[in-house]
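J.: Okay, handing you the structure first.
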Amino acid sequence: MEFKIKLRILESQRKLAHKKHLETAIARIHGEIVNHVINEKFDLAKLKSKLFRKYNRRLKYISI
């Protein structure tokens, strides 16, 4: 019983850490996309936008 509780606590801590990492990565990528668009580097912005969508989907999946 105690082992299951400890295991769930570890899983939730890992999940929260991963969620926080994804949130910071999404914010960083968003800033990079904005900079690329301002500097008219649309090819790089398009590549970053694919990563942005991928990370957003993963964050939504984890948050459920």
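Order determines the names: the first chain of the structure tokens is A, the second B, and so forth; residues in each chain are numbered 1 upward, and ligands are numbered 1 upward as they are shown.
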Skip A:Arg58 itself and residues of its chain fewer than 4 positions away, then list as a ChimeraX atom specification all residues within 12 Å of it, counting only C-alpha atoms.
T.: /A:15,18-19,21-23,25-26,51-54,62-64
J.: Enter the distance from atom CA of A:Ala17 to atom CA of A:Leu59, in Å, rounded to one decimal.
T.: 11.8 Å
